[in-house]
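S.K.: Contents of work.cif (mmCIF, C-alpha atoms):
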data_coords
#
loop_
_atom_site.label_atom_id
_atom_site.label_comp_id
_atom_site.auth_asym_id
_atom_site.auth_seq_id
_atom_site.Cartn_x
_atom_site.Cartn_y
_atom_site.Cartn_z
CA MET A 1 -48.01 15.42 -2.37
CA SER A 2 -46.77 12.57 -0.30
CA GLY A 3 -48.49 9.68 1.29
CA SER A 4 -47.26 7.15 3.70
CA GLN A 5 -48.48 4.65 6.16
CA GLU A 6 -45.97 5.38 8.83
CA ALA A 7 -47.86 6.18 11.92
CA GLY A 8 -46.58 8.22 14.79
CA GLN A 9 -45.86 11.46 12.99
CA PRO A 10 -47.44 14.09 15.15
CA PRO A 11 -50.15 16.01 13.37
CA SER A 12 -48.96 19.57 13.11
CA LEU A 13 -48.86 22.68 11.09
CA ARG A 14 -45.26 22.86 10.06
CA LEU A 15 -43.80 25.94 8.47
CA VAL A 16 -41.51 25.03 5.63
CA ASN A 17 -38.82 27.63 5.75
CA SER A 18 -35.54 25.94 4.95
CA MET A 19 -33.61 28.47 2.96
CA GLU A 20 -30.65 26.82 1.43
CA TYR A 21 -28.70 27.87 -1.59
CA LYS A 22 -29.32 25.70 -4.64
CA ASP A 23 -26.66 25.24 -7.26
CA TYR A 24 -28.77 25.01 -10.39
CA TYR A 25 -25.75 24.49 -12.61
CA SER A 26 -24.65 21.38 -10.73
CA VAL A 27 -28.24 20.09 -10.64
CA MET A 28 -28.20 20.22 -14.43
CA GLY A 29 -24.59 19.06 -14.70
CA VAL A 30 -23.52 22.01 -16.85
CA LYS A 31 -20.80 24.65 -16.52
CA ARG A 32 -21.70 28.19 -15.49
CA ASP A 33 -20.91 29.43 -19.00
CA ALA A 34 -23.01 26.75 -20.74
CA SER A 35 -24.93 27.95 -23.78
CA GLN A 36 -28.73 27.95 -23.78
CA ASP A 37 -28.60 25.03 -26.21
CA GLU A 38 -26.40 23.04 -23.87
CA ILE A 39 -28.79 23.75 -21.00
CA LYS A 40 -31.74 22.64 -23.05
CA ARG A 41 -30.00 19.44 -24.08
CA ALA A 42 -29.00 18.70 -20.49
CA TYR A 43 -32.58 19.24 -19.36
CA ARG A 44 -33.97 16.93 -22.02
CA ARG A 45 -31.51 14.19 -21.17
CA LEU A 46 -31.97 14.40 -17.40
CA ALA A 47 -35.75 14.80 -17.62
CA ARG A 48 -35.96 11.49 -19.48
CA LYS A 49 -33.65 9.88 -16.97
CA PHE A 50 -35.41 11.04 -13.81
CA HIS A 51 -39.00 11.19 -14.99
CA PRO A 52 -40.99 9.49 -12.20
CA ASP A 53 -42.96 7.41 -14.71
CA VAL A 54 -39.77 6.10 -16.28
CA SER A 55 -37.25 5.89 -13.45
CA LYS A 56 -37.63 3.47 -10.56
CA GLU A 57 -35.08 5.30 -8.43
CA SER A 58 -36.66 6.11 -5.08
CA ASP A 59 -35.62 9.76 -5.30
CA ALA A 60 -36.65 10.19 -8.94
CA GLU A 61 -39.58 12.46 -8.13
CA ALA A 62 -37.45 14.79 -5.99
CA ARG A 63 -34.69 14.86 -8.60
CA PHE A 64 -37.20 15.60 -11.33
CA LYS A 65 -38.69 18.52 -9.39
CA GLU A 66 -35.26 19.90 -8.63
CA LEU A 67 -34.38 19.62 -12.29
CA GLY A 68 -37.58 21.43 -13.33
CA GLU A 69 -36.77 24.25 -10.93
CA ALA A 70 -33.17 24.55 -12.16
CA TYR A 71 -34.35 24.60 -15.76
CA ALA A 72 -37.04 27.19 -15.03
CA VAL A 73 -34.24 29.53 -13.94
CA LEU A 74 -31.47 28.69 -16.38
CA LYS A 75 -33.56 28.59 -19.54
CA ASP A 76 -34.84 32.10 -18.88
CA ALA A 77 -32.24 34.76 -19.74
CA GLU A 78 -33.55 37.24 -17.13
CA LYS A 79 -33.72 34.74 -14.30
CA ARG A 80 -30.38 33.22 -15.22
CA ALA A 81 -28.69 36.62 -15.20
CA ALA A 82 -30.23 37.43 -11.82
CA TYR A 83 -29.16 34.06 -10.43
CA ASN A 84 -25.61 34.59 -11.72
CA GLU A 85 -25.54 37.93 -9.88
CA LEU A 86 -25.52 36.00 -6.60
CA GLY A 87 -21.98 34.96 -7.47
CA ALA A 88 -20.30 31.60 -7.88
CA ASN A 89 -19.06 31.13 -4.34
CA TRP A 90 -22.15 29.58 -2.86
CA GLN A 91 -22.35 25.90 -1.97
CA THR A 92 -25.44 23.77 -2.31
CA GLY A 93 -27.18 23.58 1.04
CA GLN A 94 -25.44 26.66 2.41
CA GLU A 95 -27.67 28.91 4.52
CA PHE A 96 -28.87 31.57 2.14
CA LYS A 97 -30.02 35.16 2.63
CA PRO A 98 -30.75 37.26 -0.40
CA PRO A 99 -28.66 40.42 -0.79
CA PRO A 100 -30.40 43.53 0.63
CA ASP A 101 -30.72 45.17 -2.77
CA TRP A 102 -32.08 42.00 -4.32
CA GLY A 103 -34.74 42.47 -6.95
CA THR A 104 -34.09 46.14 -7.64
CA GLY A 105 -32.28 45.65 -10.90
CA PHE A 106 -34.38 42.95 -12.48
CA GLU A 107 -37.87 42.64 -13.69
CA PHE A 108 -39.29 39.21 -14.30
CA THR A 109 -41.83 38.71 -16.98
CA GLY A 110 -44.14 35.79 -17.53
CA SER A 111 -44.32 32.82 -15.25
CA GLY A 112 -41.66 30.91 -17.19
CA ILE A 113 -42.57 27.85 -15.22
CA ASP A 114 -43.89 24.79 -16.92
CA GLY A 115 -43.57 21.07 -16.55
CA GLY A 116 -43.91 19.25 -13.26
CA ASP A 117 -47.35 20.74 -12.90
CA SER A 118 -47.80 19.77 -9.29
CA ALA A 119 -44.30 20.67 -8.17
CA ALA A 120 -43.94 23.33 -5.58
CA PHE A 121 -40.61 25.04 -6.04
CA SER A 122 -38.19 25.59 -3.19
CA ASP A 123 -38.26 28.59 -0.86
CA PHE A 124 -34.91 29.54 -2.35
CA PHE A 125 -36.55 29.86 -5.75
CA GLU A 126 -39.53 31.75 -4.42
CA THR A 127 -37.43 34.22 -2.50
CA LEU A 128 -35.51 35.04 -5.64
CA PHE A 129 -38.22 34.95 -8.25
CA GLY A 130 -41.49 35.30 -6.41
CA GLN A 131 -44.22 32.81 -5.76
CA ARG A 132 -45.68 30.76 -8.50
CA THR A 133 -48.93 31.94 -9.81
CA GLY A 134 -51.70 29.44 -10.05
CA ALA A 135 -53.94 27.28 -7.99
CA GLN A 136 -51.53 26.25 -5.30
CA ARG A 137 -49.80 29.48 -4.66
CA SER A 138 -52.45 32.14 -4.85
CA ALA A 139 -52.51 33.58 -1.39
CA GLY A 140 -55.48 35.86 -1.62
CA PRO A 141 -58.92 35.25 -3.01
CA ARG A 142 -58.99 35.31 -6.79
CA PRO A 143 -62.64 35.28 -7.74
CA GLU A 144 -62.08 34.91 -11.47
CA PHE A 145 -59.81 31.90 -11.14
CA HIS A 146 -61.11 28.34 -11.05
CA ALA A 147 -59.06 25.21 -11.12
CA ARG A 148 -59.42 21.58 -10.21
CA GLY A 149 -57.27 20.52 -7.26
CA ASP A 150 -54.27 18.24 -7.74
CA ASP A 151 -54.54 14.47 -7.60
CA HIS A 152 -52.64 12.74 -4.84
CA HIS A 153 -50.97 9.35 -4.99
CA ALA A 154 -50.04 7.03 -2.15
CA LYS A 155 -49.06 3.40 -1.68
CA VAL A 156 -50.90 1.24 0.79
CA LEU A 157 -49.37 -1.90 2.26
CA VAL A 158 -51.78 -4.78 2.76
CA ASP A 159 -51.49 -8.40 3.81
CA LEU A 160 -52.49 -11.30 1.59
CA GLU A 161 -55.24 -12.12 4.10
CA ASP A 162 -56.75 -8.67 3.46
CA ALA A 163 -57.23 -9.63 -0.17
CA TYR A 164 -59.22 -12.70 0.96
CA ASN A 165 -61.30 -11.01 3.63
CA GLY A 166 -61.29 -7.29 2.87
CA ALA A 167 -59.97 -4.81 5.43
CA THR A 168 -59.94 -1.21 6.53
CA ARG A 169 -56.67 0.69 6.52
CA THR A 170 -55.78 4.04 8.00
CA ILE A 171 -53.76 6.13 5.60
CA ASN A 172 -51.80 9.12 6.84
CA LEU A 173 -51.31 11.78 4.23
CA ARG A 174 -49.08 14.78 4.40
CA THR A 175 -50.03 17.46 1.95
CA PRO A 176 -48.71 20.95 1.32
CA ALA A 177 -51.31 23.68 1.78
CA LEU A 178 -51.44 27.40 2.39
CA ASP A 179 -52.24 29.00 5.72
CA GLU A 180 -54.13 32.29 6.09
CA SER A 181 -51.03 34.37 5.49
CA GLY A 182 -50.10 32.48 2.34
CA HIS A 183 -47.26 30.42 3.81
CA VAL A 184 -46.75 26.85 2.74
CA VAL A 185 -47.50 24.45 5.53
CA THR A 186 -47.83 20.70 5.57
CA ARG A 187 -51.13 19.40 6.72
CA ASP A 188 -51.56 15.91 8.13
CA ARG A 189 -54.69 14.04 7.37
CA ALA A 190 -55.82 10.55 8.26
CA LEU A 191 -58.30 8.60 6.19
CA ASN A 192 -59.85 5.23 6.86
CA VAL A 193 -60.13 3.40 3.59
CA LYS A 194 -61.92 0.15 2.83
CA ILE A 195 -59.67 -2.36 1.08
CA PRO A 196 -62.12 -4.55 -0.81
CA LYS A 197 -61.91 -8.32 -1.05
CA GLY A 198 -60.14 -9.54 -4.19
CA ILE A 199 -57.56 -6.78 -4.45
CA THR A 200 -54.29 -7.66 -6.22
CA GLN A 201 -50.74 -6.34 -6.27
CA GLY A 202 -50.36 -3.02 -8.07
CA GLN A 203 -54.09 -2.39 -8.36
CA ARG A 204 -55.23 1.16 -7.86
CA ILE A 205 -58.14 2.48 -5.85
CA ARG A 206 -59.55 5.86 -6.73
CA LEU A 207 -61.10 8.02 -4.04
CA SER A 208 -62.98 10.80 -5.78
CA ARG A 209 -62.39 14.34 -4.55
CA GLN A 210 -59.98 13.33 -1.77
CA GLY A 211 -57.00 15.10 -3.32
CA SER A 212 -56.10 18.77 -3.03
CA PRO A 213 -59.01 21.20 -2.74
CA GLY A 214 -59.86 23.09 -5.90
CA VAL A 215 -59.70 26.83 -6.38
CA GLY A 216 -62.83 28.87 -7.00
CA SER A 217 -65.57 26.62 -8.26
CA GLY A 218 -63.06 23.97 -9.28
CA HIS A 219 -63.60 20.78 -7.32
CA ALA A 220 -61.03 18.79 -5.40
CA GLY A 221 -58.62 16.41 -7.08
CA ASP A 222 -58.69 12.65 -6.53
CA LEU A 223 -56.69 10.40 -4.28
CA TYR A 224 -55.17 7.30 -5.86
CA LEU A 225 -54.00 4.43 -3.68
CA GLU A 226 -51.74 1.74 -5.09
CA ILE A 227 -51.94 -1.67 -3.45
CA GLU A 228 -48.74 -3.33 -2.39
CA PHE A 229 -48.62 -6.68 -0.61
CA ARG A 230 -46.31 -7.17 2.32
CA PRO A 231 -44.03 -10.19 1.75
CA HIS A 232 -45.72 -13.20 3.32
CA ARG A 233 -44.10 -15.79 5.57
CA LEU A 234 -45.75 -18.71 3.75
CA TYR A 235 -47.07 -17.67 0.39
CA ALA A 236 -45.82 -16.16 -2.83
CA ILE A 237 -48.33 -14.23 -4.93
CA ASP A 238 -48.66 -13.74 -8.67
CA GLY A 239 -51.77 -11.84 -9.74
CA ARG A 240 -54.63 -13.76 -8.16
CA ASP A 241 -52.64 -17.01 -7.87
CA VAL A 242 -51.03 -17.97 -4.60
CA TYR A 243 -48.13 -20.41 -4.12
CA LEU A 244 -47.28 -22.58 -1.13
CA LYS A 245 -44.29 -24.84 -0.70
CA LEU A 246 -45.28 -27.97 1.22
CA PRO A 247 -42.67 -30.20 2.86
CA VAL A 248 -43.74 -33.87 2.76
CA THR A 249 -42.26 -37.14 3.97
CA PRO A 250 -41.04 -39.78 1.50
CA TRP A 251 -43.83 -42.15 2.56
CA GLU A 252 -46.53 -39.48 2.10
CA ALA A 253 -45.20 -38.84 -1.39
CA ALA A 254 -44.77 -42.50 -2.24
CA LEU A 255 -47.97 -43.91 -0.80
CA GLY A 256 -50.24 -40.91 -1.12
CA ALA A 257 -51.74 -39.08 1.83
CA THR A 258 -54.31 -36.59 2.98
CA ILE A 259 -52.46 -33.60 4.42
CA LYS A 260 -53.91 -30.68 6.32
CA ILE A 261 -52.47 -27.54 4.75
CA PRO A 262 -52.85 -23.83 5.52
CA THR A 263 -54.49 -21.54 2.98
CA PRO A 264 -55.08 -17.81 3.45
CA SER A 265 -58.75 -18.63 4.00
CA GLY A 266 -58.14 -21.39 6.55
CA PHE A 267 -56.95 -24.99 6.73
CA VAL A 268 -58.04 -27.50 4.10
CA ASP A 269 -57.34 -31.19 3.48
CA LEU A 270 -55.11 -31.80 0.47
CA LYS A 271 -55.21 -35.25 -1.15
CA MET A 272 -51.75 -36.08 -2.36
CA PRO A 273 -51.78 -38.89 -4.93
CA GLU A 274 -49.41 -41.82 -4.54
CA GLY A 275 -46.15 -41.50 -6.41
CA THR A 276 -45.91 -37.73 -6.03
CA SER A 277 -42.43 -36.57 -7.02
CA SER A 278 -40.54 -33.74 -5.40
CA GLY A 279 -41.34 -30.39 -7.04
CA LYS A 280 -44.71 -31.65 -8.32
CA ARG A 281 -47.27 -28.90 -8.26
CA LEU A 282 -50.87 -29.51 -7.18
CA ARG A 283 -53.58 -27.01 -7.99
CA LEU A 284 -56.41 -26.11 -5.64
CA LYS A 285 -58.82 -24.47 -8.03
CA GLY A 286 -60.39 -21.22 -6.87
CA ARG A 287 -58.43 -21.13 -3.59
CA GLY A 288 -56.37 -18.12 -4.67
CA ILE A 289 -57.38 -14.50 -4.26
CA PRO A 290 -61.18 -14.17 -4.65
CA GLY A 291 -62.54 -12.60 -7.82
CA SER A 292 -64.37 -13.55 -10.97
CA PRO A 293 -62.72 -15.80 -11.76
CA PRO A 294 -60.86 -16.36 -8.49
CA GLY A 295 -57.19 -17.29 -8.53
CA ASP A 296 -55.83 -20.75 -7.76
CA LEU A 297 -53.67 -21.98 -4.93
CA TYR A 298 -50.64 -23.96 -6.12
CA VAL A 299 -49.01 -26.34 -3.69
CA THR A 300 -45.52 -27.57 -4.52
CA ALA A 301 -44.51 -30.82 -2.84
CA GLU A 302 -41.00 -30.81 -1.42
CA ILE A 303 -39.89 -34.23 -0.28
CA THR A 304 -37.71 -34.01 2.81
CA LEU A 305 -35.66 -36.88 4.17
CA PRO A 306 -35.81 -37.96 7.78
CA PRO A 307 -32.32 -37.54 9.28
CA ALA A 308 -30.29 -40.69 9.78
CA ASN A 309 -29.32 -39.67 13.26
CA SER A 310 -30.05 -42.84 15.21
CA ASP A 311 -29.17 -46.51 14.86
CA LEU A 312 -32.79 -47.27 14.12
CA ALA A 313 -32.98 -44.67 11.34
CA LYS A 314 -29.70 -45.84 9.83
CA GLU A 315 -30.95 -49.40 9.89
CA PHE A 316 -34.06 -48.31 7.94
CA TYR A 317 -31.96 -46.65 5.27
CA ARG A 318 -29.70 -49.69 4.98
CA LYS A 319 -32.72 -51.88 4.59
CA MET A 320 -34.04 -49.63 1.81
CA ARG A 321 -30.70 -49.85 0.04
CA GLN A 322 -30.76 -53.63 0.23
CA GLU A 323 -34.32 -54.21 -0.73
CA LEU A 324 -35.45 -51.42 -3.05
CA HIS A 325 -32.72 -51.61 -5.71
CA TYR A 326 -33.41 -48.01 -6.63
CA ASN A 327 -31.17 -46.19 -9.08
CA PRO A 328 -32.14 -42.53 -9.68
CA ARG A 329 -29.19 -42.06 -12.12
CA GLY A 330 -30.03 -44.59 -14.77
CA HIS A 331 -30.34 -41.88 -17.41
CA LEU A 332 -26.79 -40.64 -16.70
CA GLU A 333 -25.17 -44.01 -17.34
CA ALA A 334 -26.30 -44.68 -20.90
CA MET B 1 -54.56 19.49 15.08
CA ASN B 2 -55.95 18.86 11.68
CA ILE B 3 -57.05 15.29 11.85
CA THR B 4 -60.25 13.94 10.45
CA VAL B 5 -60.98 10.26 10.33
CA LYS B 6 -63.74 8.86 8.21
CA THR B 7 -64.06 5.57 6.43
CA LEU B 8 -64.17 5.85 2.67
CA THR B 9 -64.84 3.31 -0.02
CA GLY B 10 -63.03 3.93 -3.25
CA THR B 11 -63.38 2.46 -6.71
CA VAL B 12 -60.97 -0.33 -7.59
CA LEU B 13 -59.68 0.54 -11.03
CA ASP B 14 -59.83 -2.90 -12.59
CA ASP B 15 -61.49 -4.30 -15.69
CA ARG B 16 -64.89 -4.47 -14.05
CA VAL B 17 -65.06 -0.68 -13.90
CA HIS B 18 -66.33 1.01 -17.05
CA LEU B 19 -65.70 4.68 -17.61
CA SER B 20 -67.13 6.90 -20.31
CA LEU B 21 -65.07 9.30 -22.39
CA GLU B 22 -66.34 12.20 -20.28
CA GLU B 23 -65.42 10.48 -17.02
CA ILE B 24 -61.90 9.81 -18.28
CA CYS B 25 -61.49 13.44 -19.31
CA GLU B 26 -62.81 14.72 -16.02
CA ALA B 27 -60.64 12.43 -13.91
CA CYS B 28 -57.47 13.22 -15.83
CA SER B 29 -58.13 16.92 -16.58
CA VAL B 30 -57.63 16.44 -20.30
CA ARG B 31 -59.54 17.44 -23.42
CA THR B 32 -61.83 15.01 -25.24
CA ASP B 33 -59.91 15.41 -28.51
CA TRP B 34 -56.73 14.36 -26.83
CA VAL B 35 -58.23 11.13 -25.48
CA VAL B 36 -59.66 10.45 -28.95
CA ASP B 37 -56.13 10.88 -30.29
CA LEU B 38 -54.88 8.32 -27.76
CA VAL B 39 -57.55 5.89 -28.98
CA ASN B 40 -56.63 6.50 -32.62
CA GLU B 41 -52.99 5.85 -31.78
CA GLY B 42 -53.96 2.51 -30.22
CA ILE B 43 -52.84 3.57 -26.75
CA LEU B 44 -56.35 3.05 -25.37
CA GLU B 45 -58.81 0.42 -26.54
CA PRO B 46 -62.36 1.23 -25.51
CA SER B 47 -65.27 -1.10 -26.18
CA GLY B 48 -68.19 0.26 -28.20
CA ASP B 49 -68.26 1.51 -31.79
CA ARG B 50 -69.21 5.14 -31.56
CA ARG B 51 -67.51 7.68 -29.40
CA THR B 52 -70.64 8.23 -27.33
CA GLU B 53 -70.77 4.50 -26.57
CA TRP B 54 -67.11 4.12 -25.68
CA LYS B 55 -66.41 2.38 -22.39
CA PHE B 56 -62.93 2.30 -20.92
CA SER B 57 -61.79 -0.14 -18.26
CA GLY B 58 -60.57 1.29 -14.97
CA SER B 59 -56.94 0.41 -15.64
CA VAL B 60 -57.01 2.91 -18.53
CA LEU B 61 -56.91 5.84 -16.09
CA SER B 62 -53.29 5.33 -15.16
CA ARG B 63 -52.35 5.01 -18.85
CA VAL B 64 -53.97 8.34 -19.63
CA GLN B 65 -52.22 9.97 -16.68
CA VAL B 66 -48.83 8.56 -17.64
CA ALA B 67 -49.40 9.64 -21.25
CA ARG B 68 -50.27 13.15 -20.14
CA ARG B 69 -47.16 13.45 -17.98
CA LEU B 70 -44.89 12.03 -20.68
CA GLN B 71 -46.26 14.57 -23.13
CA SER B 72 -46.14 17.62 -20.89
CA ASP B 73 -42.88 16.82 -19.10
CA LEU B 74 -40.83 15.29 -21.89
CA GLY B 75 -42.53 16.62 -25.02
CA ILE B 76 -43.06 13.13 -26.48
CA ASN B 77 -45.47 12.82 -29.40
CA LEU B 78 -48.30 10.28 -29.48
CA ALA B 79 -46.38 7.59 -31.37
CA GLY B 80 -43.54 7.98 -28.89
CA ILE B 81 -45.94 7.79 -25.95
CA ALA B 82 -47.45 4.59 -27.33
CA LEU B 83 -44.01 3.04 -27.66
CA ALA B 84 -42.86 4.27 -24.24
CA ILE B 85 -45.95 2.91 -22.47
CA ASP B 86 -45.62 -0.49 -24.14
CA LEU B 87 -41.95 -0.68 -23.19
CA LEU B 88 -42.56 0.52 -19.62
CA GLU B 89 -45.22 -2.17 -19.14
CA GLU B 90 -42.87 -4.79 -20.56
CA ILE B 91 -40.11 -3.67 -18.19
CA GLU B 92 -42.50 -3.77 -15.24
CA LYS B 93 -43.50 -7.37 -16.07
CA MET B 94 -39.86 -8.38 -16.24
CA ARG B 95 -39.09 -6.61 -12.98
CA CYS B 96 -41.87 -8.61 -11.33
CA ARG B 97 -40.43 -11.86 -12.64
CA LEU B 98 -36.95 -10.84 -11.61
CA ARG B 99 -38.12 -10.03 -8.09
CA GLY B 100 -39.72 -13.47 -7.86
CA ALA B 101 -36.56 -15.20 -9.04
CA HIS B 102 -34.37 -13.11 -6.77
CA ARG B 103 -36.54 -13.82 -3.75
CA GLU B 104 -36.33 -17.56 -4.38
CA SER B 105 -32.57 -17.56 -4.70
CA LEU B 106 -32.15 -15.51 -1.53
CA ASN B 107 -34.65 -17.40 0.51
CA PRO B 108 -34.82 -21.12 -0.23
CA GLU B 109 -37.79 -21.39 2.13
CA TRP B 110 -39.81 -19.26 -0.23
CA PRO B 111 -42.35 -21.26 -2.22
CA HIS B 112 -41.20 -22.42 -5.63
CA ARG B 113 -42.94 -21.10 -8.66
#
For the file at hand, write its structure as structure tokens.
M.R.:
Amino acid sequence: MSGSQEAGQPPSLRLVNSMEYKDYYSVMGVKRDASQDEIKRAYRRLARKFHPDVSKESDAEARFKELGEAYAVLKDAEKRAAYNELGANWQTGQEFKPPPDWGTGFEFTGSGIDGGDSAAFSDFFETLFGQRTGAQRSAGPRPEFHARGDDHHAKVLVDLEDAYNGATRTINLRTPALDESGHVVTRDRALNVKIPKGITQGQRIRLSRQGSPGVGSGHAGDLYLEIEFRPHRLYAIDGRDVYLKLPVTPWEAALGATIKIPTPSGFVDLKMPEGTSSGKRLRLKGRGIPGSPPGDLYVTAEITLPPANSDLAKEFYRKMRQELHYNPRGHLEA
Amino acid sequence: MNITVKTLTGTVLDDRVHLSLEEICEACSVRTDWVVDLVNEGILEPSGDRRTEWKFSGSVLSRVQVARRLQSDLGINLAGIALAIDLLEEIEKMRCRLRGAHRESLNPEWPHR
């Protein structure tokens, strides 16, 4: 369920077998003797806070899954009682082995697991309460069961130039899957994906049937890629519009000039009218990100002063002072 | 080794893509009635008068998916979903603007807006 562009992770079948104790009470921020109502209220509050669609915290998804797992145990009287049997002396993250007589005194009914539909629960949970039933966790063939595979989501970093020219990107995906013996393994997968011309920040690309495989006759889920631009050395981007700050000399601004400027699609000549003031914005229509209609390229003139670091330069400035009689602060003196 | 490399072309989910009611339901694993409810609540605005003629723009897919998660994970009703989605989009716009302003103040070399 994760996607990244970081290369260099060796492709491997990795057995996920970390078995650490999880303190479900501290995950939910409630005392061990909390009432079922208190637990429900805590879940509601935290679920709103950490819901991945609402929260922008980078670990929101992990926190939300952890919360769903804690709630699946604590809201269910049977599971909660069994969990309490382990005792209160465990620490989160402590190496955990279930007691030898584990599971003899309890019988779990129903799945009791809902919410976070794509969440795989921890090994700790599964050791205590058994594997989840359903598409992802059915180890053996279940001929009567059909389900569509899960959708996957990943971000893809592109450069502004890719939006002008189109590009191909290699996406490395790491997805949980089951091996022949029903263990959860992570599977690495690389996909080459065409990034079409005209793409903008935040836009999503859907790749049909490139998500998790389905079960039975259910077909695979989809893969969604969200476009994110890398910060650019020269340009700022807003939708399809692109912004460039252009340093100019006082004489270019005062007298007008034709200036060769960079654009993401190559150099162009910009005609700067005479009397251009600092901060003035010039629009190059249609020179933004391609599309229908294409965006515009905005060039902001920034007048920079030549340094007065030589006798000649100082003499020029003195001459300007004498002969131009320029007062930029007239409006402050009234 | 489990590596396969092939070049794929996806669909950019922008306003040039038009999806039917059935395609939306298939892509999001939801029932037709539920999507109709989203339309009636004003969360989705398809073009076309009758249900069979409805066309949704590609950007609608993520709205439907967010709506589905908000309902199943948080138990929010349709009116609440509509409000939450509007507010989330508003917040996202402001975050974008804030990022732009922040970038400018940190890096004076960055182009002015």
S.K.: Could you expand the PyMOL selection byres ((chain A) within 9 of (chain B)) into the explicit residues it covers here, written as a PyMOL selection string?
M.R.: chain A and resi 10-13+44+47-48+51+53-54+114-117+148+151+168-170+187-196+199+203-208+221-222+224+233-236+238+243-246+279+281+298-300
S.K.: Evaluate the PyMOL selection byres ((chain B and resi 57) around 6) here and jot the selected residues down as a VMD selection string.
M.R.: chain B and resid 15 17 to 18 56 58 to 60
S.K.: Got a sec: who's within 10 Å of A:Gly198, counting all atoms listed in the file, leaving out chain neighbours fewer than 4 positions off, as number ranges by chain?
M.R.: A: 160-166, 240, 288-292, 294-295; B: 12
S.K.: Go ahead and compute the interatomic distance for atom CA of A:Ser26 and atom CA of A:Glu66, in Å to one decimal.
M.R.: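 Between atom CA of A:Ser26 and atom CA of A:Glu66 the gap works out to 10.9 Å.
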S.K.: Find the distance between atom CA of B:Glu41 and atom CA of B:Glu22 and write it in Å to one decimal.
M.R.: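 Atom-to-atom, atom CA of B:Glu41 to atom CA of B:Glu22, that is 18.7 Å.
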S.K.: Can you measure atom CA of A:Gly256 to atom CA of A:Met272 for me? One decimal in Å is fine.
M.R.: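 Interatomic distance here is 5.2 Å.
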